[in-house]
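Below: one structure, written as structure tokens.
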Amino acid sequence: MCALKLEKLTEEERAVWESLVEATYEESGYADSMDEDAFEVIQCVCDEALEGDYDWMLRIVYDNGATVARNKHNAEFHRLLKRAYEHAVASGSAGACCNLGNMYHNTDNSGSEEDYATAIELYELGADRGDDQSSVNLGYIYYYGRGVAKDYAAAYECYARAALASGNPEAFWKLGDLYAGGRGVRQSDRMAWAMYSKAYENGKGSGFECRAAHHMADYLMNGIEGVLEPDPDRALELYVRAEISYYKAIDAGLTYYSRCLDQAIEGQAKARKAVQEEHRRIRAGEE
């Protein structure tokens with residue numbers, strides 16, 4: 001059990017939150033501390049927390065990712081969201097373990113050892129409760145060495161658990177990264193291609209389609225000896241898919257994908273040039 005002191009809402013807190021849920025933005029008392037979009041998110045989160053529908057509470061957070069990301073440094077917004085997660089974790093929610101862990105998991109490596117230790121504890125709790133995203137995020141802790149020594153073998157174990165348990169697309173593309181770089185496993189472009197392909201198949205329509213499509217397109221530009229022939233036509237299609245999916249991911253608050261978006265657009269230019277050259281050669285009778 002998590003050593004953190006995670007408690008359900010007190011009766012006093014429930015009364016305050018019930019008033020918050022019923023209030024308009026102007027009469028809520030939060031108009032000076034957050035914008036109306038942020039208040040509406042908090043209002044819905046508090047409502048679902050009071051009702052005990054934690055899956056829907058987390059869905060609200062996910063669907064309003066841009067608003068949540070924009071307000072992550074807003075002290076009052078952060079306090080209320082964190083308290084909702086704490087209540088949900090104390091009430092047995094698996095997914096809330098991951099979301100609460102994310103609040104301690106500083107992905108820019110600026111977190112304290114204590115914060116990373118808390119994130120690890122919450123991710124482990126979430127994974128034990130069956131939340132596969134907790135396993136994936138725990139894998140990032142070990143992959144990048146955040147608060148702990150880098151441990152690619154441990155990262156592999158975390159990603160593999162999520163991939164096998166639910167086909168989590170993010171887990172598959174991180175496994176692909178390990179095989180592509182030979183980190184914790186024997187380097188294998190064949191296995192990397194297989195993992196990225198599975199991630200793309202499982203991630204269609206999600207925010208993680210972008211990374212798998214991007215990696216597959218990179219491989220298709222040069223091919224893999226004995227496994228994959230170069231195919232700039234398909235590479236171009238996948239770079240475009242990656243671009244569109246990156247926009248959706250960034251809109252959802254994953255702004256760190258901006259650099260990857262630029263790379264996908266650059267990849268399109270190279271693939272388009274290769275496609276044009278291939279068809280020029282066909283028309284010229286050189287193919």
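Within each chain, counting starts at residue 1; across the structure tokens, chains are named A, B, ... in the order shown, with ligands numbered 1 upward in that order.
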As a ChimeraX atom specification, which residues of range 62-247 of chain A does DSSP assign to helix (DSSP H, G or I)? /A:62-63,65-70,75-90,95-104,113-128,132-144,152-166,169-181,189-203,209-222,232-247
Compile the contact shell of Ala264 in chain A as a ChimeraX atom specification: residues with an atom at most 12 Å away, counting only C-alpha atoms, same-chain residues fewer than 3 positions apart removed. /A:210-218,235-247,257-261,267-271
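With distances restricted to only C-alpha atoms, A:Tyr116 is the closest residue to Ala149 in chain A from A:Pro232, A:Leu122, A:Gly167, A:Tyr116.
Of note, CA of Ala192 in chain A and CA of Gly130 in chain A are spaced 26.0 Å apart.
When only C-alpha atoms are used to compute distances to Val68 in chain A, the closest of the residues A:Ala154, A:Met191, A:Leu138, A:Ala252 turns out to be A:Ala252.
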Contacts of Tyr159 in chain A at 9 Å or less, counting only C-alpha atoms, minus same-chain residues fewer than 5 places along, as a list of chain:residue names? A:Asp132, A:Ser135, A:Val136, A:Asn137, A:Leu138, A:Gly139, A:Tyr140, A:Ala154, A:Leu164, A:Asn168, A:Glu170, A:Ala171, A:Phe172, A:Lys174, A:Leu175
Can I get the selected residues back with C-alpha atoms, as a PDB file, in the first residue's frame?
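Final file, out-v9.pdb:
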```pdb
ATOM      1  CA  ASP A 132      -1.188  -0.080 -17.758  1.00  0.00           C
ATOM      2  CA  SER A 135       3.504   0.786 -15.956  1.00  0.00           C
ATOM      3  CA  VAL A 136       4.446   2.836 -19.017  1.00  0.00           C
ATOM      4  CA  ASN A 137       5.157   5.964 -16.993  1.00  0.00           C
ATOM      5  CA  LEU A 138       7.201   3.952 -14.520  1.00  0.00           C
ATOM      6  CA  GLY A 139       9.184   2.773 -17.529  1.00  0.00           C
ATOM      7  CA  TYR A 140      10.033   6.399 -18.332  1.00  0.00           C
ATOM      8  CA  ALA A 154      13.672  -2.324 -15.741  1.00  0.00           C
ATOM      9  CA  LEU A 164       1.206  -7.668 -23.037  1.00  0.00           C
ATOM     10  CA  ASN A 168      -0.917  -0.274 -24.964  1.00  0.00           C
ATOM     11  CA  GLU A 170       2.774   3.762 -26.146  1.00  0.00           C
ATOM     12  CA  ALA A 171       4.317   0.705 -24.520  1.00  0.00           C
ATOM     13  CA  PHE A 172       4.926  -0.868 -27.928  1.00  0.00           C
ATOM     14  CA  LYS A 174       8.860   2.499 -26.331  1.00  0.00           C
ATOM     15  CA  LEU A 175       9.803  -1.160 -26.765  1.00  0.00           C
TER      16      LEU A 175
END
```
